[in-house]
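Structure file protein36.cif; described as mmCIF, C-alpha atoms.
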```cif
data_query
#
loop_
_atom_site.label_atom_id
_atom_site.label_comp_id
_atom_site.auth_asym_id
_atom_site.auth_seq_id
_atom_site.Cartn_x
_atom_site.Cartn_y
_atom_site.Cartn_z
CA MET A 1 -207.14 330.18 170.44
CA GLU A 2 -206.31 329.93 166.71
CA GLU A 3 -205.56 333.63 166.65
CA LEU A 4 -203.21 333.32 169.64
CA ILE A 5 -201.41 330.35 168.06
CA GLN A 6 -200.84 332.34 164.88
CA GLN A 7 -199.60 335.34 166.85
CA LEU A 8 -197.33 333.14 168.94
CA LYS A 9 -195.75 331.58 165.86
CA GLU A 10 -195.00 335.03 164.50
CA GLU A 11 -193.54 336.16 167.82
CA ILE A 12 -191.32 333.06 168.05
CA ILE A 13 -189.99 333.59 164.52
CA LYS A 14 -189.21 337.21 165.34
CA ALA A 15 -187.69 336.60 168.78
CA LEU A 16 -185.52 333.72 167.64
CA ASN A 17 -184.62 335.29 164.29
CA LEU A 18 -185.73 332.19 162.39
CA GLU A 19 -185.00 333.41 158.89
CA ASP A 20 -186.66 331.37 156.16
CA VAL A 21 -189.24 329.92 158.59
CA LYS A 22 -192.85 330.94 157.97
CA PRO A 23 -195.67 330.59 160.51
CA GLU A 24 -197.27 327.86 158.40
CA ASP A 25 -194.00 325.86 158.58
CA ILE A 26 -194.39 325.46 162.34
CA ASP A 27 -196.49 322.49 163.39
CA PRO A 28 -198.22 323.70 166.58
CA ALA A 29 -198.19 320.20 168.00
CA ALA A 30 -194.52 319.45 167.24
CA PRO A 31 -191.85 319.67 169.96
CA LEU A 32 -190.03 323.00 170.00
CA PHE A 33 -186.80 321.57 171.42
CA GLY A 34 -184.74 318.60 170.32
CA SER A 35 -186.58 317.70 167.13
CA GLY A 36 -189.10 320.03 165.46
CA LEU A 37 -187.61 323.51 165.32
CA GLY A 38 -184.49 322.20 167.09
CA LEU A 39 -184.26 325.05 169.59
CA ASP A 40 -181.61 325.18 172.33
CA SER A 41 -181.11 326.57 175.84
CA ILE A 42 -180.51 330.15 174.66
CA ASP A 43 -183.79 329.98 172.76
CA ALA A 44 -185.44 328.88 176.00
CA LEU A 45 -184.19 332.09 177.62
CA GLU A 46 -185.50 334.09 174.69
CA LEU A 47 -188.91 332.44 175.09
CA ILE A 48 -188.96 333.23 178.81
CA VAL A 49 -188.27 336.90 177.93
CA LEU A 50 -190.99 336.78 175.25
CA MET A 51 -193.57 335.36 177.66
CA GLU A 52 -192.89 338.07 180.20
CA ARG A 53 -192.63 340.99 177.83
CA LYS A 54 -195.57 340.15 175.60
CA TYR A 55 -197.98 338.36 177.90
CA GLY A 56 -196.89 339.43 181.38
CA ILE A 57 -196.12 335.87 182.46
CA LYS A 58 -193.10 335.48 184.71
CA LEU A 59 -191.83 331.90 184.87
CA LYS A 60 -190.47 331.84 188.40
CA ASP A 61 -189.62 328.16 188.29
CA PRO A 62 -187.19 327.56 185.37
CA SER A 63 -187.84 323.81 185.48
CA LYS A 64 -191.39 324.60 184.45
CA GLY A 65 -190.07 325.90 181.13
CA LYS A 66 -189.56 322.37 179.84
CA GLU A 67 -193.24 321.70 180.36
CA VAL A 68 -194.54 325.07 179.11
CA PHE A 69 -192.38 325.12 175.98
CA GLU A 70 -193.26 321.61 174.88
CA SER A 71 -195.01 322.86 171.75
CA VAL A 72 -196.74 325.97 170.40
CA ASN A 73 -200.11 324.47 171.39
CA VAL A 74 -198.97 323.93 174.99
CA MET A 75 -197.48 327.43 175.14
CA ALA A 76 -200.69 328.97 173.83
CA ASP A 77 -202.76 327.06 176.37
CA TYR A 78 -200.48 328.21 179.21
CA ILE A 79 -200.66 331.80 178.01
CA MET A 80 -204.47 331.69 177.82
CA LYS A 81 -204.65 330.56 181.43
CA ASN A 82 -201.95 332.79 182.93
CA ARG A 83 -201.60 335.97 180.87
CA THR A 84 -201.77 339.31 182.65
CA LYS A 85 -201.70 341.42 179.49
CA MET B 86 -138.42 340.69 163.38
CA ASN B 87 -136.07 337.76 163.14
CA LYS B 88 -138.45 335.39 161.37
CA SER B 89 -140.12 335.86 158.02
CA VAL B 90 -143.85 336.43 158.16
CA PHE B 91 -146.05 336.40 155.10
CA ILE B 92 -149.65 337.26 154.31
CA ARG B 93 -150.97 334.06 152.81
CA SER B 94 -154.50 335.26 152.02
CA ALA B 95 -156.60 338.34 152.71
CA GLN B 96 -160.24 339.17 152.09
CA GLN B 97 -162.36 342.28 152.50
CA ILE B 98 -166.00 343.24 152.68
CA SER B 99 -166.56 346.93 152.17
CA PHE B 100 -168.50 349.08 149.71
CA GLN B 101 -166.36 347.57 146.97
CA GLN B 102 -167.36 344.22 145.51
CA PRO B 103 -167.19 341.87 148.51
CA LEU B 104 -164.63 339.05 148.77
CA SER B 105 -163.02 340.14 145.56
CA ASN B 106 -160.16 342.32 144.32
CA GLU B 107 -162.29 343.74 141.54
CA TRP B 108 -161.65 347.13 143.15
CA MET B 109 -158.24 347.11 141.49
CA SER B 110 -159.76 347.27 138.00
CA SER B 111 -163.33 348.51 138.68
CA PRO B 112 -163.34 350.59 141.84
CA ILE B 113 -166.59 351.95 143.21
CA PHE B 114 -166.48 355.63 144.17
CA THR B 115 -169.11 357.41 146.18
CA THR B 116 -170.04 360.95 147.15
CA GLN B 117 -172.03 359.83 150.20
CA SER B 118 -170.62 360.63 153.60
CA LEU B 119 -171.78 357.31 155.13
CA VAL B 120 -171.63 354.09 153.12
CA LYS B 121 -172.65 350.65 154.32
CA SER B 122 -170.92 347.47 153.20
CA LEU B 123 -172.03 345.44 150.21
CA ASN B 124 -172.92 342.12 151.77
CA PRO B 125 -172.07 338.87 150.02
CA GLN B 126 -174.66 336.11 149.80
CA PHE B 127 -174.44 334.84 153.36
CA LYS B 128 -176.53 331.81 152.47
CA ASP B 129 -173.68 330.53 150.29
CA TYR B 130 -171.59 330.17 153.44
CA LEU B 131 -173.93 329.88 156.42
CA SER B 132 -177.20 328.06 156.98
CA PRO B 133 -180.07 330.21 158.32
CA LEU B 134 -179.90 328.24 161.57
CA GLU B 135 -176.19 329.02 161.95
CA ALA B 136 -176.66 332.67 161.09
CA ARG B 137 -179.67 333.46 163.23
CA ARG B 138 -177.72 334.55 166.31
CA MET B 139 -175.32 336.67 164.33
CA GLY B 140 -175.56 340.34 163.58
CA GLY B 141 -174.54 341.71 160.17
CA LEU B 142 -170.96 342.40 161.18
CA GLN B 143 -170.53 338.97 162.69
CA LYS B 144 -171.76 337.36 159.47
CA ARG B 145 -169.41 339.46 157.37
CA ALA B 146 -166.48 338.60 159.64
CA LEU B 147 -167.24 334.91 159.56
CA VAL B 148 -167.77 334.72 155.81
CA ALA B 149 -164.54 336.64 155.07
CA THR B 150 -162.66 334.38 157.47
CA LEU B 151 -164.11 331.21 156.01
CA LYS B 152 -163.01 332.31 152.57
CA VAL B 153 -159.48 333.06 153.82
CA LEU B 154 -159.22 329.68 155.55
CA LYS B 155 -160.50 327.91 152.46
CA GLU B 156 -157.92 329.63 150.29
CA CYS B 157 -155.23 328.50 152.72
CA ASN B 158 -156.57 324.93 153.03
CA LEU B 159 -156.46 325.48 156.76
CA GLU B 160 -159.12 324.50 159.28
CA HIS B 161 -157.70 325.67 162.59
CA PRO B 162 -155.37 328.68 162.74
CA ASP B 163 -152.97 328.78 165.69
CA ALA B 164 -154.39 332.08 166.89
CA ILE B 165 -157.29 334.43 166.22
CA ILE B 166 -156.44 338.06 166.88
CA THR B 167 -158.91 340.80 166.03
CA GLY B 168 -159.04 344.55 166.23
CA THR B 169 -162.19 346.60 166.61
CA ALA B 170 -162.81 350.02 168.11
CA LEU B 171 -166.57 349.86 168.39
CA GLY B 172 -167.31 346.14 168.31
CA ASN B 173 -170.81 345.06 167.37
CA LEU B 174 -172.13 348.58 167.54
CA ILE B 175 -175.60 347.88 166.14
CA CYS B 176 -176.28 344.94 168.46
CA THR B 177 -174.94 346.95 171.39
CA GLU B 178 -177.35 349.78 170.60
CA GLN B 179 -180.25 347.34 170.30
CA PHE B 180 -179.37 345.89 173.68
CA LEU B 181 -179.08 349.32 175.31
CA GLU B 182 -182.33 350.54 173.76
CA SER B 183 -184.05 347.43 175.06
CA MET B 184 -182.61 348.11 178.53
CA ILE B 185 -184.09 351.60 178.49
CA GLU B 186 -187.46 350.53 177.06
CA ASN B 187 -187.89 347.67 179.51
CA GLY B 188 -186.48 349.25 182.65
CA GLU B 189 -183.43 346.96 182.65
CA GLN B 190 -185.71 343.92 182.79
CA MET B 191 -186.57 341.18 180.31
CA LEU B 192 -183.43 341.55 178.20
CA SER B 193 -182.69 339.37 175.20
CA PRO B 194 -179.72 337.06 175.86
CA THR B 195 -178.91 337.01 172.14
CA HIS B 196 -178.42 340.79 171.96
CA PHE B 197 -176.31 340.63 175.11
CA MET B 198 -174.12 337.91 173.63
CA GLN B 199 -173.69 339.90 170.44
CA SER B 200 -172.84 343.16 172.11
CA THR B 201 -169.38 342.56 173.54
CA HIS B 202 -166.27 343.66 171.70
CA ASN B 203 -164.79 340.16 171.60
CA THR B 204 -167.96 338.55 170.25
CA ILE B 205 -166.49 338.30 166.76
CA GLY B 206 -163.19 336.74 167.80
CA SER B 207 -165.11 334.27 169.95
CA ALA B 208 -167.60 333.47 167.21
CA LEU B 209 -164.78 332.79 164.76
CA ALA B 210 -163.20 330.42 167.27
CA ILE B 211 -166.46 328.61 168.00
CA TYR B 212 -167.31 328.22 164.35
CA THR B 213 -163.84 326.97 163.39
CA HIS B 214 -163.51 324.84 166.56
CA ASN B 215 -160.39 326.76 167.45
CA HIS B 216 -159.03 326.48 171.00
CA GLY B 217 -155.88 328.54 170.47
CA TYR B 218 -154.90 332.05 171.52
CA ASN B 219 -157.80 334.45 171.06
CA THR B 220 -157.58 338.16 171.77
CA THR B 221 -159.36 341.31 170.68
CA TYR B 222 -157.70 344.74 170.71
CA CYS B 223 -159.91 347.78 171.21
CA HIS B 224 -157.67 350.84 171.01
CA SER B 225 -159.38 353.26 168.69
CA GLN B 226 -157.40 353.90 165.47
CA MET B 227 -154.60 351.55 166.57
CA SER B 228 -156.81 348.51 167.22
CA PHE B 229 -155.92 346.60 164.07
CA ASP B 230 -152.26 347.58 164.18
CA LEU B 231 -151.96 346.26 167.73
CA ALA B 232 -153.66 343.01 166.75
CA LEU B 233 -151.17 342.63 163.92
CA GLN B 234 -148.24 343.44 166.18
CA ASP B 235 -149.37 340.80 168.67
CA ALA B 236 -149.46 338.19 165.90
CA LEU B 237 -146.03 339.20 164.57
CA MET B 238 -144.46 339.11 168.04
CA GLN B 239 -145.87 335.67 168.81
CA MET B 240 -144.73 334.34 165.45
CA ASP B 241 -141.31 335.87 166.01
CA LEU B 242 -141.11 334.14 169.40
CA GLY B 243 -142.05 330.85 167.75
CA LYS B 244 -145.19 330.44 169.84
CA ILE B 245 -147.39 330.16 166.76
CA SER B 246 -146.70 329.51 163.09
CA ASN B 247 -149.82 331.13 161.69
CA ALA B 248 -152.47 333.58 162.85
CA LEU B 249 -155.81 334.78 161.65
CA VAL B 250 -155.82 338.56 162.03
CA GLY B 251 -158.84 340.70 161.34
CA ALA B 252 -160.42 344.12 161.66
CA PHE B 253 -164.14 344.59 162.06
CA GLU B 254 -166.29 347.68 162.37
CA GLU B 255 -169.89 348.63 161.68
CA ILE B 256 -171.65 351.98 161.75
CA GLU B 257 -175.17 353.35 161.78
CA ASP B 258 -176.75 356.78 161.46
CA GLY B 259 -176.89 357.66 165.17
CA TYR B 260 -173.26 356.98 165.97
CA PHE B 261 -172.19 358.48 162.65
CA GLY B 262 -173.92 361.69 163.77
CA LEU B 263 -171.94 361.72 167.00
CA LEU B 264 -168.64 361.10 165.22
CA GLN B 265 -169.54 363.82 162.72
CA LYS B 266 -170.11 366.31 165.54
CA SER B 267 -166.67 365.45 166.91
CA GLY B 268 -165.14 366.22 163.49
CA TYR B 269 -163.71 362.72 163.12
CA ILE B 270 -165.74 361.87 160.03
CA GLY B 271 -168.41 363.39 157.79
CA VAL B 272 -166.42 366.59 157.21
CA HIS B 273 -167.23 368.21 153.85
CA GLY B 274 -165.05 366.82 151.07
CA MET B 275 -163.75 364.00 153.26
CA ASP B 276 -163.58 360.34 152.23
CA PRO B 277 -166.73 358.47 153.24
CA CYS B 278 -167.29 356.83 156.58
CA SER B 279 -167.59 353.09 156.00
CA GLU B 280 -167.76 349.70 157.66
CA VAL B 281 -164.70 347.46 157.94
CA THR B 282 -164.34 343.74 157.44
CA VAL B 283 -160.85 342.51 156.73
CA SER B 284 -159.61 339.03 157.48
CA MET B 285 -156.14 337.73 156.69
CA LEU B 286 -153.95 334.78 157.47
CA LEU B 287 -150.34 335.33 158.44
CA THR B 288 -147.95 332.44 158.07
CA SER B 289 -144.28 331.74 158.62
CA ILE B 290 -144.23 329.30 155.71
CA ALA B 291 -142.87 330.64 152.43
CA GLU B 292 -145.24 329.64 149.61
CA LYS B 293 -145.66 330.91 146.11
CA GLU B 294 -149.29 331.79 146.86
CA ASN B 295 -148.32 334.29 149.58
CA LEU B 296 -149.33 337.87 148.83
CA CYS B 297 -146.35 339.61 150.40
CA ARG B 298 -143.89 339.54 153.28
CA ILE B 299 -144.26 341.70 156.36
CA ALA B 300 -140.70 342.88 156.81
CA GLY B 301 -141.11 345.13 159.82
CA MET B 302 -143.50 347.00 162.03
CA CYS B 303 -143.43 349.54 164.81
CA ILE B 304 -146.11 351.25 166.84
CA CYS B 305 -145.08 354.24 168.89
CA ARG B 306 -146.19 357.30 170.79
CA PRO B 307 -143.14 359.47 170.11
CA GLN B 308 -141.98 362.33 172.32
CA GLY B 309 -141.32 364.44 169.24
CA ILE B 310 -140.26 364.24 165.61
CA ASP B 311 -136.70 363.17 166.50
CA ASP B 312 -138.00 360.29 168.56
CA LEU B 313 -140.37 359.31 165.76
CA VAL B 314 -137.58 359.32 163.16
CA GLU B 315 -135.35 357.29 165.45
CA GLN B 316 -137.98 354.60 165.94
CA LEU B 317 -138.93 354.50 162.26
CA ASP B 318 -135.30 354.31 161.11
CA ALA B 319 -134.55 351.56 163.63
CA MET B 320 -137.47 349.50 162.31
CA LEU B 321 -136.39 350.03 158.69
CA GLN B 322 -132.78 349.19 159.46
CA LYS B 323 -133.79 345.97 161.18
CA ALA B 324 -135.79 345.10 158.07
CA GLY B 325 -132.76 345.74 155.86
CA ALA B 326 -134.20 348.93 154.41
CA ASN B 327 -133.91 352.67 154.86
CA ARG B 328 -135.91 355.73 153.90
CA THR B 329 -134.34 355.92 150.44
CA THR B 330 -135.23 352.34 149.52
CA ILE B 331 -138.99 352.73 149.99
CA SER B 332 -140.89 352.28 146.71
CA ALA B 333 -144.12 353.91 147.89
CA ILE B 334 -145.90 355.04 151.01
CA LEU B 335 -149.51 354.10 151.61
CA SER B 336 -150.91 356.53 154.13
CA GLY B 337 -154.19 356.75 156.01
CA LYS B 338 -155.00 360.20 154.62
CA ASN B 339 -158.75 360.73 154.39
CA SER B 340 -159.12 364.24 152.91
CA ASN B 341 -159.99 365.70 156.30
CA PRO B 342 -157.41 368.48 156.89
CA SER B 343 -157.37 367.85 160.64
CA CYS B 344 -156.12 364.34 159.91
CA ASP B 345 -154.13 364.86 156.71
CA ASN B 346 -152.00 367.67 158.13
CA TYR B 347 -150.21 365.20 160.39
CA TYR B 348 -149.48 362.93 157.43
CA ASN B 349 -148.39 365.79 155.17
CA GLU B 350 -145.97 367.12 157.74
CA LEU B 351 -144.46 363.68 158.27
CA LEU B 352 -144.26 362.73 154.60
CA ASP B 353 -142.92 366.11 153.44
CA THR B 354 -140.22 366.01 156.12
CA LEU B 355 -139.12 362.39 155.89
CA PHE B 356 -140.10 361.22 152.41
CA PRO B 357 -140.19 364.25 150.08
CA LYS B 358 -139.34 362.26 146.94
CA VAL B 359 -141.28 359.04 147.53
CA PRO B 360 -144.58 358.40 145.67
CA THR B 361 -147.49 358.42 148.10
CA LEU B 362 -150.71 356.46 147.90
CA LYS B 363 -154.00 356.56 149.78
CA TYR B 364 -156.85 354.05 150.03
CA LYS B 365 -159.70 355.59 152.03
CA GLN B 366 -161.28 357.12 148.92
CA ILE B 367 -162.27 353.57 147.89
CA PHE B 368 -162.52 351.76 151.26
CA GLY B 369 -163.66 354.59 153.50
CA GLU B 370 -162.71 355.74 156.95
CA ASN B 371 -163.39 354.04 160.23
CA PHE B 372 -161.29 353.26 163.28
CA THR B 373 -159.81 350.03 161.94
CA ALA B 374 -159.58 351.11 158.29
CA SER B 375 -155.80 350.67 158.46
CA ALA B 376 -156.53 346.97 157.82
CA PHE B 377 -157.79 347.99 154.38
CA GLY B 378 -154.41 349.63 153.87
CA LEU B 379 -152.52 346.42 154.56
CA TYR B 380 -154.97 344.43 152.43
CA CYS B 381 -154.55 346.96 149.63
CA ALA B 382 -150.73 347.00 149.79
CA ALA B 383 -150.58 343.19 149.87
CA ASN B 384 -152.67 342.96 146.70
CA CYS B 385 -150.64 345.65 144.91
CA LEU B 386 -147.40 343.80 145.70
CA LYS B 387 -148.85 340.47 144.62
CA GLU B 388 -150.11 341.92 141.34
CA ASN B 389 -147.02 344.10 140.95
CA TYR B 390 -149.35 346.92 140.01
CA ILE B 391 -150.55 350.13 141.60
CA PRO B 392 -153.87 351.39 140.19
CA GLU B 393 -153.75 355.07 139.22
CA PHE B 394 -156.61 356.00 141.55
CA LEU B 395 -154.51 355.04 144.59
CA TYR B 396 -151.94 357.78 143.96
CA ASP B 397 -152.26 360.73 146.30
CA PRO B 398 -153.15 363.74 144.13
CA CYS B 399 -151.07 365.97 146.43
CA ARG B 400 -147.86 364.50 145.06
CA ASN B 401 -147.16 364.03 141.38
CA LEU B 402 -144.77 361.11 141.71
CA ARG B 403 -145.23 357.61 140.26
CA CYS B 404 -143.55 354.28 141.03
CA ASN B 405 -141.20 352.83 138.43
CA GLU B 406 -140.77 349.62 140.31
CA ILE B 407 -142.57 348.31 143.37
CA SER B 408 -140.40 346.29 145.72
CA ASN B 409 -141.91 347.42 148.99
CA ILE B 410 -144.58 349.67 150.48
CA LEU B 411 -144.45 351.47 153.81
CA LEU B 412 -147.85 351.83 155.48
CA VAL B 413 -148.37 354.79 157.76
CA ASN B 414 -151.25 355.11 160.20
CA GLN B 415 -151.59 357.76 162.90
CA GLU B 416 -154.11 359.06 165.39
CA ARG B 417 -154.25 362.77 166.17
CA GLY B 418 -150.50 363.07 165.70
CA LYS B 419 -149.92 361.15 168.93
CA ASP B 420 -149.88 357.46 168.06
CA TYR B 421 -148.11 356.21 164.95
CA SER B 422 -147.89 352.85 163.25
CA PHE B 423 -145.49 351.89 160.47
CA ILE B 424 -145.65 348.59 158.59
CA LEU B 425 -143.13 347.65 155.90
CA VAL B 426 -144.37 345.09 153.38
CA GLN B 427 -142.20 343.61 150.66
CA LYS B 428 -142.80 341.88 147.37
CA ILE B 429 -141.88 338.21 147.39
#
```
What do you get writing this file as structure tokens?
Amino acid sequence: MEELIQQLKEEIIKALNLEDVKPEDIDPAAPLFGSGLGLDSIDALELIVLMERKYGIKLKDPSKGKEVFESVNVMADYIMKNRTK
Amino acid sequence: MNKSVFIRSAQQISFQQPLSNEWMSSPIFTTQSLVKSLNPQFKDYLSPLEARRMGGLQKRALVATLKVLKECNLEHPDAIITGTALGNLICTEQFLESMIENGEQMLSPTHFMQSTHNTIGSALAIYTHNHGYNTTYCHSQMSFDLALQDALMQMDLGKISNALVGAFEEIEDGYFGLLQKSGYIGVHGMDPCSEVTVSMLLTSIAEKENLCRIAGMCICRPQGIDDLVEQLDAMLQKAGANRTTISAILSGKNSNPSCDNYYNELLDTLFPKVPTLKYKQIFGENFTASAFGLYCAANCLKENYIPEFLYDPCRNLRCNEISNILLVNQERGKDYSFILVQKI
């Protein structure tokens, strides 16, 4: 799980072009949207693309994104349970 | 034009020192056939969060524009009019490559947003909270000239009193290779291919800080030389000038014979005794490089000085006095643009 969390942080930084943010700066329990990293709706789309491309997870229900992208920890847990690659 | 239009401020980012007119005293020359821009410190102008959805060209455009607006003490220009032939080329290629790699699935929205030709004009408007007229012209070598003409016409009609006009272009190895094969750039001995970022503010208000006055402009696709002369002379006459009152001509010659021959024919026929200047040896060639020409002429008029390296070596004539400069841009001998700028 720790390895996946680390990998996920790196993937998020790359996908969202978060210059000046290092993996250790991201609190895995902190909210990704609103406070925390302060991501927005376009970032949510980028994360949906990331989930599908990297882990083979297709989020068919967009409203589920709010739940899945709550934090890095929640994302990692969802990936562990649903990944196809 | 019935109304006076001035260039209040202009900035460039090229392979010269960015956001500076150091090129006038310390120009950078290169023997490379493809030269990228020297980027300013983006962090001085944009936070990483603001910059993260911007490609390199978008950042350059925004930073140059912010500097222009700051110099003018202006927050919201009446209009934003840009010219670009290729748009955000690098982002477009990234988007297309991703489409191919992923079978047209799972595409990044950010790359899509960055890949349209009017992305820059839109980004400038969003960043400056501008809700005015916003248009991008994409017409090859005439893109910037058409953007400028649009601004001048709207100012002449009294619809706007100022306009932010810009030219933006980026290039990378792959597309450079294609353009080289076509003979457009990269020809041996030719001026380098470069990237373009020029932003300038036009205003109808006469101020001592203005760089120069745009006295006249015409863009044409003439039927022949007689038609060309007629249109040029009509523009000059309307501006209160004629071919004998031109102090210097700044042409878009780029040391590629297939391009320069059109200029030489025109200049030798119509302006045999006028000093000629060229700028692409220090700013490079690209579709909207004519914006560098206007930027260059505006600075020369403001400083009342023409650096020696701007003189066209083909003609051994020098200016005694600079009261105006006629800019000439052309594409394949078909489309022509003339801009007359005057000292204030």
So how far away is atom CA of Asp311 of chain B from atom CA of Ile334 of chain B, in Å?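 It comes out at 19.8 Å.
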As a check of understanding, name the residues that the PyMOL selection byres ((chain B) within 10 of (chain A)) selects in the supplied structure, as a count of residues only. 14
List the neighbours of Ile113 of chain B out to 7 Å using all atoms listed in the file; skip same-chain residues closer than 4 positions along the sequence, and give me the result as an mmCIF file with C-alpha atoms, keeping the file's coordinate frame.
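Full text of out_24.cif as output:
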```cif
data_model
loop_
_atom_site.group_PDB
_atom_site.id
_atom_site.type_symbol
_atom_site.label_atom_id
_atom_site.label_comp_id
_atom_site.auth_asym_id
_atom_site.auth_seq_id
_atom_site.Cartn_x
_atom_site.Cartn_y
_atom_site.Cartn_z
ATOM 1 C CA GLN B 101 -166.360 347.570 146.970
ATOM 2 C CA TRP B 108 -161.650 347.130 143.150
ATOM 3 C CA ILE B 367 -162.270 353.570 147.890
#
```
Residues within 12 Å of (-166.4, 326.7, 164.0), file coords, all atoms listed in the file, listed as number ranges by chain: B: 131, 135, 147-148, 150-151, 154, 160-162, 205-216
Suppose a student applies the PyMOL selection byres ((chain B and resi 277-281) around 9) to this structure; what residues should they get, written as a PDB file with C-alpha atoms, keeping the file's coordinate frame?
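Final output, expr28.pdb:
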```
ATOM      1  CA  GLN B  97    -162.360 342.280 152.500  1.00  0.00           C
ATOM      2  CA  ILE B  98    -166.000 343.240 152.680  1.00  0.00           C
ATOM      3  CA  SER B  99    -166.560 346.930 152.170  1.00  0.00           C
ATOM      4  CA  PHE B 100    -168.500 349.080 149.710  1.00  0.00           C
ATOM      5  CA  THR B 115    -169.110 357.410 146.180  1.00  0.00           C
ATOM      6  CA  THR B 116    -170.040 360.950 147.150  1.00  0.00           C
ATOM      7  CA  GLN B 117    -172.030 359.830 150.200  1.00  0.00           C
ATOM      8  CA  SER B 118    -170.620 360.630 153.600  1.00  0.00           C
ATOM      9  CA  LEU B 119    -171.780 357.310 155.130  1.00  0.00           C
ATOM     10  CA  VAL B 120    -171.630 354.090 153.120  1.00  0.00           C
ATOM     11  CA  LYS B 121    -172.650 350.650 154.320  1.00  0.00           C
ATOM     12  CA  SER B 122    -170.920 347.470 153.200  1.00  0.00           C
ATOM     13  CA  LEU B 142    -170.960 342.400 161.180  1.00  0.00           C
ATOM     14  CA  ALA B 252    -160.420 344.120 161.660  1.00  0.00           C
ATOM     15  CA  PHE B 253    -164.140 344.590 162.060  1.00  0.00           C
ATOM     16  CA  GLU B 254    -166.290 347.680 162.370  1.00  0.00           C
ATOM     17  CA  GLU B 255    -169.890 348.630 161.680  1.00  0.00           C
ATOM     18  CA  ILE B 256    -171.650 351.980 161.750  1.00  0.00           C
ATOM     19  CA  PHE B 261    -172.190 358.480 162.650  1.00  0.00           C
ATOM     20  CA  ILE B 270    -165.740 361.870 160.030  1.00  0.00           C
ATOM     21  CA  GLY B 271    -168.410 363.390 157.790  1.00  0.00           C
ATOM     22  CA  GLY B 274    -165.050 366.820 151.070  1.00  0.00           C
ATOM     23  CA  MET B 275    -163.750 364.000 153.260  1.00  0.00           C
ATOM     24  CA  ASP B 276    -163.580 360.340 152.230  1.00  0.00           C
ATOM     25  CA  THR B 282    -164.340 343.740 157.440  1.00  0.00           C
ATOM     26  CA  VAL B 283    -160.850 342.510 156.730  1.00  0.00           C
ATOM     27  CA  ASN B 339    -158.750 360.730 154.390  1.00  0.00           C
ATOM     28  CA  LYS B 365    -159.700 355.590 152.030  1.00  0.00           C
ATOM     29  CA  GLN B 366    -161.280 357.120 148.920  1.00  0.00           C
ATOM     30  CA  ILE B 367    -162.270 353.570 147.890  1.00  0.00           C
ATOM     31  CA  PHE B 368    -162.520 351.760 151.260  1.00  0.00           C
ATOM     32  CA  GLY B 369    -163.660 354.590 153.500  1.00  0.00           C
ATOM     33  CA  GLU B 370    -162.710 355.740 156.950  1.00  0.00           C
ATOM     34  CA  ASN B 371    -163.390 354.040 160.230  1.00  0.00           C
ATOM     35  CA  PHE B 372    -161.290 353.260 163.280  1.00  0.00           C
ATOM     36  CA  THR B 373    -159.810 350.030 161.940  1.00  0.00           C
ATOM     37  CA  ALA B 374    -159.580 351.110 158.290  1.00  0.00           C
ATOM     38  CA  ALA B 376    -156.530 346.970 157.820  1.00  0.00           C
ATOM     39  CA  PHE B 377    -157.790 347.990 154.380  1.00  0.00           C
TER      40      PHE B 377
END
```
I'd like the contact shell of segment 64-81 of chain A - 9 Å cut-off, only C-alpha atoms, skipping same-chain residues fewer than 4 positions apart - returned as a PyMOL selection string. chain A and resi 1+4-5+8-9+26-33+44+47-48+51+55+57+59-60
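The two atoms in question, atom CA of Ser332 of chain B and atom CA of Thr167 of chain B, are spaced 28.8 Å apart.
The space between atom CA of Leu412 of chain B and atom CA of Tyr396 of chain B spans 13.6 Å.
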Please enumerate the residues selected by the PyMOL selection byres ((chain B and resi 141) around 9) when evaluated against the supplied file, formatted as a ChimeraX atom specification. /B:124,139-140,142-146,173,175,255
